[in-house]
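Report on one structure; see the data block that follows.
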Amino acid sequence: MVWTDLANNASQYTAKLRERFPLADAKTISTAEDREDLVQNLAQQHDLTLMEVNQEIDDLLFVESLARQASDLRAG
């Protein structure tokens, strides 16, 4: 999974992002113009560095890509 998957399906990933960033609201996530915008907003809301937020998003994307691959393998 890459950033564009998350950006194109923000509503689908809002809950997962909120698990990692509980102060984020759906509007913050869905209205982000790009990854940098989202990272900046989340960092400010959660008193984190940009690097910390980027790492959390990378981790989320990685886990989601593994889940997708596992699903694809089970399907066939």
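Numbering starts fresh at 1 for the residues of each chain in the structure tokens, the chains themselves are lettered A, B, ... in the order given, and ligands are numbered from 1 as they appear.
Residues in contact with Thr14 in chain A at up to 7 Å, not including ones fewer than 4 positions away on its chain and judged by only C-alpha atoms, are A:Ala10, A:Arg18, A:Ala26, A:Ile29.
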Got a sec to tell me which of chain A DSSP assigns to alpha helix (DSSP H), as a VMD selection string? chain A and resid 3 to 8 10 to 20 26 to 30 35 to 46 50 to 75
Close residues, Arg35 in chain A itself excluded, 10 Å, only C-alpha atoms, min 3 positions apart in chain, as an MDAnalysis selection string: chainID A and resid 3:4 6:7 29 32 38:41 54 57
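In this structure, CA of Glu36 in chain A sits 12.6 Å away from CA of Gln55 in chain A.
Checking A:Ala24, A:Tyr13, A:Asp5, A:Ser71 one by one against Asp47 in chain A, counting only C-alpha atoms, you find the shortest gap at A:Ala24.
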Near-Glu64 in chain A list (10 Å; only C-alpha atoms; drop same-chain fewer than 4 positions) as a ChimeraX atom specification: /A:1-2,6,13,16,58-60,68-70
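Distances here use only C-alpha atoms; by that measure, the residue among A:Leu61, A:Ala75, A:Leu23, A:Ala15 closest to Leu42 in chain A is A:Leu23.
Among the candidate residues A:Asn9, A:Glu33, A:Leu50, A:Glu56, the one lying nearest to Phe21 in chain A is A:Glu56, with distances computed using only C-alpha atoms.
Among the candidate residues A:Val63, A:Gln12, A:Pro22, A:Ser30, the one lying nearest to Ala43 in chain A is A:Pro22, with distances computed using only C-alpha atoms.
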